[in-house]
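Dumped structure-v7.cif below, it's mmCIF, C-alpha atoms:
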data_final
#
loop_
_atom_site.group_PDB
_atom_site.id
_atom_site.type_symbol
_atom_site.label_atom_id
_atom_site.label_comp_id
_atom_site.auth_asym_id
_atom_site.auth_seq_id
_atom_site.Cartn_x
_atom_site.Cartn_y
_atom_site.Cartn_z
ATOM 1 C CA MET A 1 33.562 166.153 52.610
ATOM 2 C CA SER A 2 31.579 163.314 54.144
ATOM 3 C CA ALA A 3 29.185 161.119 52.227
ATOM 4 C CA VAL A 4 25.482 161.895 52.472
ATOM 5 C CA GLY A 5 24.103 160.405 55.673
ATOM 6 C CA GLU A 6 27.560 159.761 57.148
ATOM 7 C CA ARG A 7 28.099 161.294 60.547
ATOM 8 C CA PRO A 8 30.983 163.738 60.978
ATOM 9 C CA VAL A 9 34.036 162.430 62.824
ATOM 10 C CA GLY A 10 36.508 164.225 65.049
ATOM 11 C CA ILE A 11 40.224 164.295 64.355
ATOM 12 C CA ASP A 12 41.012 161.559 66.904
ATOM 13 C CA GLU A 13 38.609 159.155 65.210
ATOM 14 C CA LEU A 14 39.884 160.136 61.779
ATOM 15 C CA LEU A 15 43.474 159.436 62.849
ATOM 16 C CA GLU A 16 42.415 156.080 64.256
ATOM 17 C CA ARG A 17 40.687 155.187 60.989
ATOM 18 C CA VAL A 18 43.559 156.148 58.690
ATOM 19 C CA ARG A 19 46.183 154.508 60.904
ATOM 20 C CA ALA A 20 44.219 151.244 60.796
ATOM 21 C CA GLY A 21 44.972 151.143 57.053
ATOM 22 C CA TYR A 22 48.733 150.672 57.379
ATOM 23 C CA GLU A 23 51.481 149.776 59.833
ATOM 24 C CA ARG A 24 53.290 152.743 61.362
ATOM 25 C CA ILE A 25 57.043 152.632 61.912
ATOM 26 C CA GLU A 26 59.198 153.388 64.962
ATOM 27 C CA PRO A 27 62.239 155.681 64.704
ATOM 28 C CA LYS A 28 64.970 153.004 64.930
ATOM 29 C CA GLU A 29 63.243 150.829 62.329
ATOM 30 C CA ALA A 30 62.888 153.849 59.996
ATOM 31 C CA TYR A 31 66.553 154.717 60.485
ATOM 32 C CA ASP A 32 67.663 151.152 59.708
ATOM 33 C CA ALA A 33 65.395 150.951 56.629
ATOM 34 C CA ALA A 34 66.722 154.258 55.297
ATOM 35 C CA LEU A 35 70.348 153.198 55.904
ATOM 36 C CA ALA A 36 69.725 149.962 54.021
ATOM 37 C CA GLY A 37 68.178 151.874 51.105
ATOM 38 C CA GLU A 38 64.798 150.251 51.793
ATOM 39 C CA ALA A 39 62.853 153.426 52.630
ATOM 40 C CA LEU A 40 62.684 157.056 51.634
ATOM 41 C CA LEU A 41 62.326 159.378 54.622
ATOM 42 C CA VAL A 42 60.212 162.436 53.796
ATOM 43 C CA ASP A 43 60.227 165.384 56.188
ATOM 44 C CA ILE A 44 57.042 167.477 55.881
ATOM 45 C CA ARG A 45 57.728 169.811 58.823
ATOM 46 C CA TYR A 46 57.489 173.478 58.038
ATOM 47 C CA ALA A 47 60.646 175.553 57.672
ATOM 48 C CA ALA A 48 60.565 177.136 61.140
ATOM 49 C CA LEU A 49 60.665 173.711 62.800
ATOM 50 C CA ARG A 50 63.469 172.505 60.537
ATOM 51 C CA GLU A 51 65.440 175.655 61.326
ATOM 52 C CA ARG A 52 64.810 175.294 65.050
ATOM 53 C CA ASP A 53 65.373 171.552 65.477
ATOM 54 C CA GLY A 54 67.546 170.492 62.565
ATOM 55 C CA LEU A 55 67.207 167.870 59.863
ATOM 56 C CA ILE A 56 67.317 164.113 59.512
ATOM 57 C CA PRO A 57 70.304 163.198 57.326
ATOM 58 C CA GLY A 58 69.212 161.929 53.929
ATOM 59 C CA ALA A 59 65.549 162.848 54.379
ATOM 60 C CA LEU A 60 63.797 164.448 51.439
ATOM 61 C CA VAL A 61 62.261 167.741 52.561
ATOM 62 C CA VAL A 62 58.856 168.320 50.981
ATOM 63 C CA GLU A 63 56.393 170.897 52.230
ATOM 64 C CA ARG A 64 53.084 169.252 53.127
ATOM 65 C CA ASN A 65 51.161 171.225 50.517
ATOM 66 C CA GLU A 66 53.432 169.800 47.781
ATOM 67 C CA LEU A 67 53.648 166.212 49.025
ATOM 68 C CA GLU A 68 51.306 164.456 46.611
ATOM 69 C CA TRP A 69 52.727 166.321 43.599
ATOM 70 C CA ARG A 70 56.331 165.558 44.544
ATOM 71 C CA LEU A 71 55.812 161.859 45.357
ATOM 72 C CA ASP A 72 53.433 160.806 42.572
ATOM 73 C CA PRO A 73 55.664 158.633 40.339
ATOM 74 C CA GLN A 74 53.488 159.568 37.352
ATOM 75 C CA GLY A 75 53.419 163.302 38.088
ATOM 76 C CA SER A 76 55.171 165.968 36.066
ATOM 77 C CA HIS A 77 56.352 167.671 39.291
ATOM 78 C CA ARG A 78 57.671 164.530 40.970
ATOM 79 C CA ALA A 79 60.914 164.460 42.913
ATOM 80 C CA PRO A 80 63.643 162.296 41.312
ATOM 81 C CA GLU A 81 63.345 159.947 44.317
ATOM 82 C CA ALA A 82 59.675 159.198 43.485
ATOM 83 C CA THR A 83 60.479 156.266 41.246
ATOM 84 C CA SER A 84 57.657 153.792 41.809
ATOM 85 C CA HIS A 85 54.334 153.103 43.483
ATOM 86 C CA ASP A 86 56.197 150.315 45.325
ATOM 87 C CA LEU A 87 58.539 152.786 47.034
ATOM 88 C CA ARG A 88 58.472 152.564 50.822
ATOM 89 C CA ILE A 89 57.932 156.104 52.033
ATOM 90 C CA VAL A 90 58.140 157.160 55.689
ATOM 91 C CA VAL A 91 56.455 160.524 56.214
ATOM 92 C CA ILE A 92 57.786 162.541 59.148
ATOM 93 C CA CYS A 93 56.084 165.533 60.746
ATOM 94 C CA ASN A 94 56.928 167.077 64.099
ATOM 95 C CA GLU A 95 55.000 164.754 66.439
ATOM 96 C CA GLY A 96 53.392 162.067 64.260
ATOM 97 C CA TYR A 97 49.900 163.437 63.641
ATOM 98 C CA ALA A 98 49.927 165.345 60.351
ATOM 99 C CA SER A 99 52.150 162.610 58.908
ATOM 100 C CA SER A 100 49.392 160.042 59.457
ATOM 101 C CA LEU A 101 46.970 162.056 57.348
ATOM 102 C CA ALA A 102 49.697 162.594 54.742
ATOM 103 C CA ALA A 103 50.468 158.853 54.564
ATOM 104 C CA ALA A 104 46.767 158.121 54.056
ATOM 105 C CA SER A 105 46.715 160.617 51.197
ATOM 106 C CA LEU A 106 49.704 158.877 49.599
ATOM 107 C CA HIS A 107 47.855 155.565 49.870
ATOM 108 C CA ARG A 108 45.009 157.104 47.857
ATOM 109 C CA LEU A 109 47.605 157.929 45.161
ATOM 110 C CA GLY A 110 48.543 154.243 44.997
ATOM 111 C CA LEU A 111 51.692 154.499 47.114
ATOM 112 C CA HIS A 112 50.639 151.425 49.080
ATOM 113 C CA ARG A 113 53.836 151.164 51.147
ATOM 114 C CA ALA A 114 53.616 154.706 52.538
ATOM 115 C CA THR A 115 53.675 154.963 56.309
ATOM 116 C CA ASP A 116 54.543 157.508 58.959
ATOM 117 C CA LEU A 117 56.893 157.783 61.887
ATOM 118 C CA VAL A 118 55.368 157.150 65.316
ATOM 119 C CA GLY A 119 56.058 160.277 67.367
ATOM 120 C CA GLY A 120 57.477 162.152 64.388
ATOM 121 C CA PHE A 121 60.712 164.106 64.413
ATOM 122 C CA GLN A 122 60.539 164.564 68.176
ATOM 123 C CA ALA A 123 60.602 160.769 68.689
ATOM 124 C CA TRP A 124 63.548 160.485 66.259
ATOM 125 C CA LYS A 125 65.412 163.119 68.257
ATOM 126 C CA ALA A 126 64.501 161.503 71.613
ATOM 127 C CA ALA A 127 65.816 158.154 70.318
ATOM 128 C CA GLY A 128 69.223 159.772 69.815
ATOM 129 C CA LEU A 129 69.239 159.128 66.071
ATOM 130 C CA PRO A 130 71.444 161.267 63.793
ATOM 131 C CA LEU A 131 70.539 164.908 63.153
ATOM 132 C CA LEU A 132 72.011 167.712 61.096
ATOM 133 C CA SER A 133 71.948 171.275 62.319
ATOM 134 C CA ALA A 134 69.757 173.383 60.119
ATOM 135 C CA GLU A 135 71.370 176.068 58.029
ATOM 136 C CA PRO A 136 70.747 179.535 59.465
ATOM 137 C CA ALA A 137 67.993 181.429 57.667
ATOM 138 C CA GLN A 138 69.360 183.890 55.113
#

Could you show the structure in this file as C-alpha cells?
Amino acid sequence: MSAVGERPVGIDELLERVRAGYERIEPKEAYDAALAGEALLVDIRYAALRERDGLIPGALVVERNELEWRLDPQGSHRAPEATSHDLRIVVICNEGYASSLAAASLHRLGLHRATDLVGGFQAWKAAGLPLLSAEPAQ
C-alpha cells in the first residue's frame, strides 16, 4: 500500500529502490562466506524448481511465504539457525528478483545484514559452484 499522495511504482523501480538499501552478493563470494561460517544461505525457491535443478549444499530451505517467521530471531516459529539480528543472511531465489524483495522484508524485521544473491540459483549453477541433486518427489 502506498502512502497518500505517493505515486505508484512499477516492479523495476521497486527493485531498484530496495536494492539501493543494501549490497548484493555474487555467487563465489556467497559460497566463500558460507564455507567460512560467515553467512547463512537461504533458498526460497519453490519445490518444483528445487526438484528440477537441485539444491545448494548447506542452504536452509524456507518457502517464501514462511521466510519472515522462520528467520525472525525473536519469533516462536524461528529456524534454529536464526540466532541473531546480526546474522548475515543470503536469500536465494531462482534468478535474483524475488530474493531482493525478500531481503528488503528481512531488513524491516531488523536483520540488517540480509542480502540476496545476484542472479539467484541460476547464477550459482552457471558459476560451477557445488550442487546436490534433489531427492525425487515421493

Margin query: My list of candidates is A:Ala98, A:Glu6, A:Tyr31, A:Arg19. Which is closest to Ala127 in chain A when distances are computed with all atoms listed in the file?
Written below: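 Smallest distance to Ala127 in chain A is found for A:Tyr31.
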
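For Ile89 in chain A, the set of protein, DNA and RNA residues having any atom at most 7 Å away, when counting all atoms listed in the file and skipping those fewer than 4 positions along the same chain, is Ala39, Leu40, Leu41, Val42, Arg113, Ala114 and Thr115 of chain A.
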
The selected residues should be written to file as a short mmCIF file (atom, residue, chain, number, x, y, z; two decimals), in the coordinates of the input (atoms: C-alpha atoms).
data_model
loop_
_atom_site.label_atom_id
_atom_site.label_comp_id
_atom_site.auth_asym_id
_atom_site.auth_seq_id
_atom_site.Cartn_x
_atom_site.Cartn_y
_atom_site.Cartn_z
CA ALA A 39 62.85 153.43 52.63
CA LEU A 40 62.68 157.06 51.63
CA LEU A 41 62.33 159.38 54.62
CA VAL A 42 60.21 162.44 53.80
CA ARG A 113 53.84 151.16 51.15
CA ALA A 114 53.62 154.71 52.54
CA THR A 115 53.68 154.96 56.31
#

Margin query: Quick check, in Å to one decimal: how far apart do CA of Val61 in chain A and CA of Ala47 in chain A lie?
Written below: 9.5 Å

Checklist line | Pick from A:Arg45, A:Arg24, A:Arg17, A:Lys125, whichever lies nearest to Arg88 in chain A using all atoms listed in the file | finding: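 Selected residue with least distance to Arg88 in chain A: A:Arg24.
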
Notebook entry, point to check: For the file shown, what are the residues hit by the PyMOL selection byres ((chain A and resi 94) around 8), laid out as a list in words?
Noted result: Arg45, Leu49, Ile92, Cys93, Glu95, Gly96, Tyr97, Gly119, Gly120, Phe121 and Gln122 of chain A

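Each of A:Leu87, A:Val18, A:Ala59, A:Leu109 was compared to Asp72 in chain A using only C-alpha atoms, and A:Leu109 turns out to be the nearest.
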
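For the choices A:Glu66, A:Asp53, A:Leu101, A:Ser76, the atom-to-atom distance to Glu13 in chain A is smallest for A:Leu101 when using only C-alpha atoms.
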
Using all atoms of range 78-89 of chain A listed in the file and a margin of 8 Å per side, can you give the axis-aligned box centre and edge lengths in Å to one decimal, as AutoDock Vina command-line options?
--center_x 59.0 --center_y 157.4 --center_z 46.5 --size_x 25.3 --size_y 30.2 --size_z 27.1

Checklist line | Separation of CA of Leu15 in chain A from CA of Glu81 in chain A in Å | finding: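 Answer for the CA of Glu81 in chain A to CA of Leu15 in chain A separation: 27.2 Å.
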
Would you fill the gaps in range 17-28 of chain A so it has all heavy atoms, then print it as a PDB file, in the frame of the given file?
ATOM      1  N   ARG A  17      41.128 155.848  62.229  1.00  0.00           N
ATOM      2  CA  ARG A  17      40.687 155.187  60.989  1.00  0.00           C
ATOM      3  C   ARG A  17      41.814 155.088  59.965  1.00  0.00           C
ATOM      4  O   ARG A  17      42.033 154.035  59.377  1.00  0.00           O
ATOM      5  CB  ARG A  17      39.521 155.944  60.357  1.00  0.00           C
ATOM      6  CG  ARG A  17      38.218 155.764  61.054  1.00  0.00           C
ATOM      7  CD  ARG A  17      37.139 156.523  60.306  1.00  0.00           C
ATOM      8  NE  ARG A  17      35.860 156.465  60.986  1.00  0.00           N
ATOM      9  CZ  ARG A  17      34.751 156.956  60.482  1.00  0.00           C
ATOM     10  NH1 ARG A  17      34.750 157.555  59.301  1.00  0.00           N
ATOM     11  NH2 ARG A  17      33.619 156.867  61.154  1.00  0.00           N
ATOM     12  N   VAL A  18      42.519 156.198  59.722  1.00  0.00           N
ATOM     13  CA  VAL A  18      43.559 156.148  58.690  1.00  0.00           C
ATOM     14  C   VAL A  18      44.730 155.278  59.137  1.00  0.00           C
ATOM     15  O   VAL A  18      45.304 154.551  58.326  1.00  0.00           O
ATOM     16  CB  VAL A  18      44.035 157.551  58.239  1.00  0.00           C
ATOM     17  CG1 VAL A  18      42.888 158.343  57.654  1.00  0.00           C
ATOM     18  CG2 VAL A  18      44.735 158.311  59.323  1.00  0.00           C
ATOM     19  N   ARG A  19      45.063 155.318  60.413  1.00  0.00           N
ATOM     20  CA  ARG A  19      46.183 154.508  60.904  1.00  0.00           C
ATOM     21  C   ARG A  19      45.872 153.022  60.871  1.00  0.00           C
ATOM     22  O   ARG A  19      46.795 152.204  60.815  1.00  0.00           O
ATOM     23  CB  ARG A  19      46.563 154.930  62.317  1.00  0.00           C
ATOM     24  CG  ARG A  19      47.252 156.284  62.353  1.00  0.00           C
ATOM     25  CD  ARG A  19      47.444 156.773  63.758  1.00  0.00           C
ATOM     26  NE  ARG A  19      48.222 158.013  63.800  1.00  0.00           N
ATOM     27  CZ  ARG A  19      48.328 158.751  64.880  1.00  0.00           C
ATOM     28  NH1 ARG A  19      47.730 158.396  66.012  1.00  0.00           N
ATOM     29  NH2 ARG A  19      49.042 159.861  64.845  1.00  0.00           N
ATOM     30  N   ALA A  20      44.600 152.660  60.887  1.00  0.00           N
ATOM     31  CA  ALA A  20      44.219 151.244  60.796  1.00  0.00           C
ATOM     32  C   ALA A  20      44.518 150.683  59.407  1.00  0.00           C
ATOM     33  O   ALA A  20      44.574 149.473  59.224  1.00  0.00           O
ATOM     34  CB  ALA A  20      42.735 151.079  61.129  1.00  0.00           C
ATOM     35  N   GLY A  21      44.749 151.576  58.431  1.00  0.00           N
ATOM     36  CA  GLY A  21      44.972 151.143  57.053  1.00  0.00           C
ATOM     37  C   GLY A  21      46.407 150.807  56.709  1.00  0.00           C
ATOM     38  O   GLY A  21      46.690 150.388  55.590  1.00  0.00           O
ATOM     39  N   TYR A  22      47.330 150.980  57.637  1.00  0.00           N
ATOM     40  CA  TYR A  22      48.733 150.672  57.379  1.00  0.00           C
ATOM     41  C   TYR A  22      49.463 150.506  58.708  1.00  0.00           C
ATOM     42  O   TYR A  22      48.938 150.850  59.757  1.00  0.00           O
ATOM     43  CB  TYR A  22      49.395 151.767  56.527  1.00  0.00           C
ATOM     44  CG  TYR A  22      49.435 153.124  57.178  1.00  0.00           C
ATOM     45  CD1 TYR A  22      50.520 153.512  57.952  1.00  0.00           C
ATOM     46  CD2 TYR A  22      48.387 154.027  57.033  1.00  0.00           C
ATOM     47  CE1 TYR A  22      50.559 154.750  58.566  1.00  0.00           C
ATOM     48  CE2 TYR A  22      48.418 155.268  57.635  1.00  0.00           C
ATOM     49  CZ  TYR A  22      49.509 155.625  58.401  1.00  0.00           C
ATOM     50  OH  TYR A  22      49.539 156.847  59.004  1.00  0.00           O
ATOM     51  N   GLU A  23      50.676 149.969  58.628  1.00  0.00           N
ATOM     52  CA  GLU A  23      51.481 149.776  59.833  1.00  0.00           C
ATOM     53  C   GLU A  23      52.460 150.933  59.980  1.00  0.00           C
ATOM     54  O   GLU A  23      53.258 151.198  59.085  1.00  0.00           O
ATOM     55  CB  GLU A  23      52.249 148.455  59.739  1.00  0.00           C
ATOM     56  CG  GLU A  23      52.954 148.089  61.010  1.00  0.00           C
ATOM     57  CD  GLU A  23      53.564 146.696  60.947  1.00  0.00           C
ATOM     58  OE1 GLU A  23      52.991 145.828  60.280  1.00  0.00           O
ATOM     59  OE2 GLU A  23      54.620 146.511  61.577  1.00  0.00           O
ATOM     60  N   ARG A  24      52.381 151.628  61.090  1.00  0.00           N
ATOM     61  CA  ARG A  24      53.290 152.743  61.362  1.00  0.00           C
ATOM     62  C   ARG A  24      54.675 152.207  61.728  1.00  0.00           C
ATOM     63  O   ARG A  24      54.822 151.038  62.066  1.00  0.00           O
ATOM     64  CB  ARG A  24      52.717 153.610  62.476  1.00  0.00           C
ATOM     65  CG  ARG A  24      51.344 154.161  62.098  1.00  0.00           C
ATOM     66  CD  ARG A  24      50.758 155.008  63.190  1.00  0.00           C
ATOM     67  NE  ARG A  24      51.389 156.328  63.128  1.00  0.00           N
ATOM     68  CZ  ARG A  24      51.529 157.121  64.183  1.00  0.00           C
ATOM     69  NH1 ARG A  24      51.112 156.733  65.379  1.00  0.00           N
ATOM     70  NH2 ARG A  24      52.100 158.304  64.057  1.00  0.00           N
ATOM     71  N   ILE A  25      55.673 153.069  61.694  1.00  0.00           N
ATOM     72  CA  ILE A  25      57.043 152.632  61.912  1.00  0.00           C
ATOM     73  C   ILE A  25      57.678 153.439  63.052  1.00  0.00           C
ATOM     74  O   ILE A  25      57.431 154.626  63.193  1.00  0.00           O
ATOM     75  CB  ILE A  25      57.847 152.755  60.590  1.00  0.00           C
ATOM     76  CG1 ILE A  25      59.212 152.096  60.691  1.00  0.00           C
ATOM     77  CG2 ILE A  25      57.939 154.189  60.129  1.00  0.00           C
ATOM     78  CD1 ILE A  25      59.910 151.958  59.341  1.00  0.00           C
ATOM     79  N   GLU A  26      58.480 152.765  63.852  1.00  0.00           N
ATOM     80  CA  GLU A  26      59.198 153.388  64.962  1.00  0.00           C
ATOM     81  C   GLU A  26      60.499 154.008  64.447  1.00  0.00           C
ATOM     82  O   GLU A  26      61.027 153.598  63.413  1.00  0.00           O
ATOM     83  CB  GLU A  26      59.508 152.341  66.044  1.00  0.00           C
ATOM     84  CG  GLU A  26      58.279 151.737  66.709  1.00  0.00           C
ATOM     85  CD  GLU A  26      57.568 152.693  67.652  1.00  0.00           C
ATOM     86  OE1 GLU A  26      58.214 153.650  68.152  1.00  0.00           O
ATOM     87  OE2 GLU A  26      56.361 152.487  67.886  1.00  0.00           O
ATOM     88  N   PRO A  27      61.040 154.989  65.176  1.00  0.00           N
ATOM     89  CA  PRO A  27      62.239 155.681  64.704  1.00  0.00           C
ATOM     90  C   PRO A  27      63.426 154.781  64.347  1.00  0.00           C
ATOM     91  O   PRO A  27      64.019 154.936  63.274  1.00  0.00           O
ATOM     92  CB  PRO A  27      62.584 156.623  65.862  1.00  0.00           C
ATOM     93  CG  PRO A  27      61.263 156.924  66.484  1.00  0.00           C
ATOM     94  CD  PRO A  27      60.494 155.617  66.392  1.00  0.00           C
ATOM     95  N   LYS A  28      63.794 153.853  65.202  1.00  0.00           N
ATOM     96  CA  LYS A  28      64.970 153.004  64.930  1.00  0.00           C
ATOM     97  C   LYS A  28      64.752 152.158  63.676  1.00  0.00           C
ATOM     98  O   LYS A  28      65.662 151.995  62.855  1.00  0.00           O
ATOM     99  CB  LYS A  28      65.272 152.118  66.151  1.00  0.00           C
ATOM    100  CG  LYS A  28      66.450 151.172  65.959  1.00  0.00           C
ATOM    101  CD  LYS A  28      67.780 151.908  65.899  1.00  0.00           C
ATOM    102  CE  LYS A  28      68.953 150.969  66.026  1.00  0.00           C
ATOM    103  NZ  LYS A  28      69.560 150.571  64.775  1.00  0.00           N
TER     104      LYS A  28
END
